[in-house]
Amino acid sequence: MPESDRNAGGPAAAANNDAATEGNAAATGPGAGSSRVLVKMIAVFLLIFGSFYLWGTTESYQEHVFAPYLVINADLSGDILNALGQKVIVDGPHISSSRFNVTIARGCDGLPPMALFLAALGAFPAPVLLKLPALLICLPILAAFNLVRIVSLFLVGVYYPDYFHVMHVDVWQALYILFGVVLFCLWLWWASGRSARVPT
């Protein structure tokens, strides 16, 4: 090839190489990395939450986890109600008095919002040491908040029975999920200031 041809082609080839390099950088830059992290978070979230629901369909879960958990909720709620002077009787998941009675069943257990919290916690890219406080503190708080829900619903049934359905279905369902979201956001705020100082 003549010297003039090589010189003419040189800048154009260099420009093409620069454009290709920039394109590769764009494809593997921060935006692509953020997308991969987001996809991984969604996948882990769905895996944890889906596993919980699949486990929840098994007989062993119903017999050894769910049923005893309902009884524990009923016993603790009954103790609180008796301390408030309601004179209730607890029989398994049933709480009754001379004025009202409830049965703690699926939907009143508080486990799905806890599973949502666990799935979000597991999916979020943070050191394990920062997730432990959420497991040890936030989950018991969610469980205790469910007792508040059961006790308050029983009291609504005693004193304002016309509002029981609305409080049970519309108000407390949304309020409990919202409370879990608030707890998770508080944990995020707490963990964000410590993540740089904690090893992964």
# chains A, B, ... in the order shown; residues from 1 in each chain; ligands from 1

call {"tool": "closest_atom_pairs", "arguments": {"of": "range 25-82 of chain A", "to": "range 152-158 of chain A", "cutoff": "12 Å", "atoms": "only C-alpha atoms", "output": "tab-separated table"}}
result
residue	atom	partner	partner_atom	distance
A:Ala74	CA	A:Phe154	CA	11.2
A:Ser77	CA	A:Phe154	CA	9.3
A:Gly78	CA	A:Phe154	CA	9.9
A:Ile80	CA	A:Ser152	CA	10.4
A:Leu81	CA	A:Leu155	CA	8.5
A:Asn82	CA	A:Leu155	CA	11.5

call {"tool": "select_by_dssp", "arguments": {"residues": "range 4-185 of chain A", "states": "strand (DSSP E or B)", "output": "NGL selection string"}}
result
:A and (89-91 or 94-96 or 101-103)

call {"tool": "write_last_selection", "arguments": {"atoms": "N, CA and C atoms", "output": "mmCIF file, in the first residue's frame"}}
result
data_model
loop_
_atom_site.group_PDB
_atom_site.id
_atom_site.type_symbol
_atom_site.label_atom_id
_atom_site.label_comp_id
_atom_site.auth_asym_id
_atom_site.auth_seq_id
_atom_site.Cartn_x
_atom_site.Cartn_y
_atom_site.Cartn_z
ATOM 1 N N ILE A 89 -61.000 -16.599 77.485
ATOM 2 C CA ILE A 89 -60.566 -17.989 77.559
ATOM 3 C C ILE A 89 -59.880 -18.325 76.239
ATOM 4 N N VAL A 90 -58.719 -18.951 76.332
ATOM 5 C CA VAL A 90 -57.957 -19.319 75.138
ATOM 6 C C VAL A 90 -58.002 -20.832 74.977
ATOM 7 N N ASP A 91 -58.391 -21.258 73.791
ATOM 8 C CA ASP A 91 -58.439 -22.684 73.471
ATOM 9 C C ASP A 91 -57.806 -22.868 72.095
ATOM 10 N N HIS A 94 -58.195 -20.095 69.414
ATOM 11 C CA HIS A 94 -59.467 -19.394 69.660
ATOM 12 C C HIS A 94 -59.379 -18.566 70.942
ATOM 13 N N ILE A 95 -59.835 -17.329 70.859
ATOM 14 C CA ILE A 95 -59.916 -16.442 72.023
ATOM 15 C C ILE A 95 -61.382 -16.027 72.168
ATOM 16 N N SER A 96 -61.950 -16.270 73.327
ATOM 17 C CA SER A 96 -63.375 -15.977 73.498
ATOM 18 C C SER A 96 -63.642 -15.374 74.867
ATOM 19 N N ASN A 101 -65.609 -13.211 70.354
ATOM 20 C CA ASN A 101 -64.625 -14.274 70.169
ATOM 21 C C ASN A 101 -63.982 -14.150 68.792
ATOM 22 N N VAL A 102 -62.735 -14.548 68.725
ATOM 23 C CA VAL A 102 -62.003 -14.539 67.459
ATOM 24 C C VAL A 102 -61.215 -15.835 67.337
ATOM 25 N N THR A 103 -60.909 -16.183 66.110
ATOM 26 C CA THR A 103 -60.029 -17.305 65.827
ATOM 27 C C THR A 103 -58.860 -16.792 65.004
#

call {"tool": "closest_residue", "arguments": {"among": "A:Leu116, A:Cys108, A:Leu70, A:Leu188", "to": "Phe45 in chain A", "atoms": "only C-alpha atoms"}}
result
A:Leu116

call {"tool": "closest_residue", "arguments": {"among": "A:Ser34, A:Ser192, A:Thr57, A:Ser51", "to": "Ala126 in chain A", "atoms": "only C-alpha atoms"}}
result
A:Ser192

call {"tool": "atom_distance", "arguments": {"atom1": "CA of Gly56 in chain A", "atom2": "CA of Pro125 in chain A"}}
result
26.2 Å

call {"tool": "closest_residue", "arguments": {"among": "A:Leu132, A:Ile137, A:Leu118, A:Leu84", "to": "Val151 in chain A", "atoms": "only C-alpha atoms"}}
result
A:Leu84

call {"tool": "select_by_dssp", "arguments": {"residues": "range 2-193 of chain A", "states": "helix (DSSP H, G or I)", "output": "VMD selection string"}}
result
chain A and resid 3 to 27 30 to 56 59 to 83 111 to 123 128 to 159 161 to 192

call {"tool": "write_last_selection", "arguments": {"atoms": "C-alpha atoms", "output": "short mmCIF file (atom, residue, chain, number, x, y, z; two decimals), in the first residue's frame"}}
result
data_model
loop_
_atom_site.label_atom_id
_atom_site.label_comp_id
_atom_site.auth_asym_id
_atom_site.auth_seq_id
_atom_site.Cartn_x
_atom_site.Cartn_y
_atom_site.Cartn_z
CA GLU A 3 2.49 5.61 2.12
CA SER A 4 -0.22 8.23 1.46
CA ASP A 5 -2.95 5.57 1.71
CA ARG A 6 -1.71 4.33 5.08
CA ASN A 7 -1.62 7.85 6.43
CA ALA A 8 -5.12 8.58 5.18
CA GLY A 9 -6.53 5.47 6.74
CA GLY A 10 -4.75 5.90 10.06
CA PRO A 11 -6.91 8.63 11.68
CA ALA A 12 -10.17 6.97 10.53
CA ALA A 13 -9.09 3.63 11.94
CA ALA A 14 -8.07 5.28 15.18
CA ALA A 15 -11.44 7.02 15.39
CA ASN A 16 -13.23 3.72 14.84
CA ASN A 17 -11.16 2.07 17.54
CA ASP A 18 -11.95 4.92 19.96
CA ALA A 19 -15.66 4.62 19.20
CA ALA A 20 -15.56 0.87 19.74
CA THR A 21 -13.70 1.34 23.04
CA GLU A 22 -16.26 3.89 24.21
CA GLY A 23 -19.08 1.52 23.24
CA ASN A 24 -17.52 -1.31 25.21
CA ALA A 25 -17.02 0.99 28.19
CA ALA A 26 -20.67 2.04 28.03
CA ALA A 27 -21.78 -1.59 27.89
CA PRO A 30 -21.55 1.73 36.05
CA GLY A 31 -25.00 1.57 34.46
CA ALA A 32 -24.56 -2.05 33.41
CA GLY A 33 -23.19 -2.92 36.85
CA SER A 34 -26.16 -1.31 38.55
CA SER A 35 -28.52 -3.28 36.33
CA ARG A 36 -26.83 -6.55 37.25
CA VAL A 37 -27.07 -5.72 40.96
CA LEU A 38 -30.76 -4.88 40.59
CA VAL A 39 -31.49 -8.10 38.70
CA LYS A 40 -29.64 -10.10 41.35
CA MET A 41 -31.58 -8.37 44.15
CA ILE A 42 -34.92 -9.13 42.47
CA ALA A 43 -33.90 -12.75 41.85
CA VAL A 44 -32.83 -13.29 45.48
CA PHE A 45 -35.99 -11.58 46.76
CA LEU A 46 -38.23 -13.79 44.64
CA LEU A 47 -36.26 -16.90 45.59
CA ILE A 48 -36.59 -16.26 49.34
CA PHE A 49 -40.22 -15.18 49.23
CA GLY A 50 -41.18 -17.94 46.80
CA SER A 51 -39.44 -20.53 48.97
CA PHE A 52 -41.43 -19.36 51.97
CA TYR A 53 -44.71 -19.76 50.11
CA LEU A 54 -43.77 -23.17 48.78
CA TRP A 55 -42.75 -24.24 52.28
CA GLY A 56 -46.05 -22.87 53.56
CA GLU A 59 -47.87 -30.50 55.69
CA SER A 60 -44.81 -30.27 57.93
CA TYR A 61 -45.02 -26.48 57.92
CA GLN A 62 -48.72 -26.50 58.73
CA GLU A 63 -48.32 -29.02 61.54
CA HIS A 64 -45.00 -28.09 63.13
CA VAL A 65 -44.69 -24.34 62.44
CA PHE A 66 -47.94 -22.65 61.52
CA ALA A 67 -50.34 -24.31 63.98
CA PRO A 68 -48.03 -23.91 67.02
CA TYR A 69 -47.32 -20.32 66.03
CA LEU A 70 -51.05 -19.53 65.97
CA VAL A 71 -51.45 -21.03 69.43
CA ILE A 72 -48.53 -18.96 70.76
CA ASN A 73 -50.13 -15.80 69.35
CA ALA A 74 -53.46 -16.70 70.93
CA ASP A 75 -51.88 -17.46 74.32
CA LEU A 76 -49.91 -14.21 74.44
CA SER A 77 -52.86 -12.15 73.18
CA GLY A 78 -55.09 -13.82 75.77
CA ASP A 79 -52.64 -12.91 78.54
CA ILE A 80 -52.65 -9.28 77.42
CA LEU A 81 -56.44 -9.18 77.16
CA ASN A 82 -56.84 -10.70 80.61
CA ALA A 83 -54.41 -8.11 81.96
CA LEU A 111 -45.96 -14.29 58.83
CA PRO A 112 -46.22 -13.07 55.20
CA PRO A 113 -45.08 -9.51 56.08
CA MET A 114 -42.24 -11.05 58.08
CA ALA A 115 -41.32 -13.14 55.04
CA LEU A 116 -41.39 -9.99 52.90
CA PHE A 117 -39.05 -8.31 55.37
CA LEU A 118 -36.70 -11.31 55.35
CA ALA A 119 -36.73 -11.48 51.55
CA ALA A 120 -35.93 -7.76 51.23
CA LEU A 121 -33.21 -8.08 53.86
CA GLY A 122 -31.66 -11.10 52.18
CA ALA A 123 -31.76 -9.49 48.75
CA VAL A 128 -24.08 -10.01 56.98
CA LEU A 129 -22.99 -8.35 60.23
CA LEU A 130 -25.30 -5.44 59.44
CA LYS A 131 -28.21 -7.77 58.71
CA LEU A 132 -28.01 -9.58 62.04
CA PRO A 133 -29.48 -6.68 64.07
CA ALA A 134 -32.44 -6.60 61.71
CA LEU A 135 -33.03 -10.31 62.31
CA LEU A 136 -32.61 -10.06 66.08
CA ILE A 137 -34.52 -6.81 66.60
CA CYS A 138 -36.86 -6.05 63.70
CA LEU A 139 -38.43 -9.52 63.41
CA PRO A 140 -39.39 -9.67 67.12
CA ILE A 141 -40.80 -6.15 66.79
CA LEU A 142 -42.94 -7.29 63.85
CA ALA A 143 -44.11 -10.31 65.87
CA ALA A 144 -44.99 -8.07 68.82
CA PHE A 145 -46.81 -5.66 66.52
CA ASN A 146 -48.97 -8.55 65.37
CA LEU A 147 -50.00 -9.12 68.98
CA VAL A 148 -51.02 -5.46 69.13
CA ARG A 149 -53.13 -6.08 66.05
CA ILE A 150 -54.87 -9.14 67.54
CA VAL A 151 -55.54 -7.45 70.88
CA SER A 152 -56.82 -4.26 69.28
CA LEU A 153 -59.10 -6.19 66.93
CA PHE A 154 -60.57 -8.11 69.83
CA LEU A 155 -61.22 -4.86 71.69
CA VAL A 156 -62.82 -3.37 68.57
CA GLY A 157 -65.03 -6.46 68.38
CA VAL A 158 -66.07 -5.97 72.01
CA TYR A 159 -66.71 -2.24 72.00
CA PRO A 161 -68.34 -4.53 66.55
CA ASP A 162 -69.66 -2.66 63.51
CA TYR A 163 -66.10 -1.59 62.70
CA PHE A 164 -64.45 -4.97 63.17
CA HIS A 165 -64.49 -6.02 59.50
CA VAL A 166 -63.12 -2.70 58.28
CA MET A 167 -60.36 -2.67 60.88
CA HIS A 168 -59.48 -6.30 60.20
CA VAL A 169 -59.47 -6.29 56.41
CA ASP A 170 -58.81 -2.71 55.34
CA VAL A 171 -56.94 -0.94 58.12
CA TRP A 172 -54.74 -3.46 59.89
CA GLN A 173 -53.63 -5.38 56.81
CA ALA A 174 -52.25 -2.23 55.22
CA LEU A 175 -50.95 -0.86 58.52
CA TYR A 176 -48.98 -4.02 59.28
CA ILE A 177 -47.31 -4.06 55.86
CA LEU A 178 -46.57 -0.34 56.14
CA PHE A 179 -45.00 -0.93 59.55
CA GLY A 180 -42.72 -3.57 58.04
CA VAL A 181 -41.68 -1.15 55.28
CA VAL A 182 -40.93 1.55 57.85
CA LEU A 183 -38.80 -0.88 59.86
CA PHE A 184 -36.87 -1.86 56.75
CA CYS A 185 -36.27 1.79 55.85
CA LEU A 186 -35.05 2.48 59.39
CA TRP A 187 -32.66 -0.43 59.09
CA LEU A 188 -31.42 0.91 55.72
CA TRP A 189 -30.80 4.31 57.29
CA TRP A 190 -28.93 2.71 60.18
CA ALA A 191 -26.90 0.36 57.97
CA SER A 192 -25.98 2.95 55.34
#

call {"tool": "atom_distance", "arguments": {"atom1": "CA of Pro93 in chain A", "atom2": "CA of Asp109 in chain A"}}
result
10.4 Å

call {"tool": "atom_distance", "arguments": {"atom1": "CA of Gly92 in chain A", "atom2": "CA of Gly107 in chain A"}}
result
16.6 Å
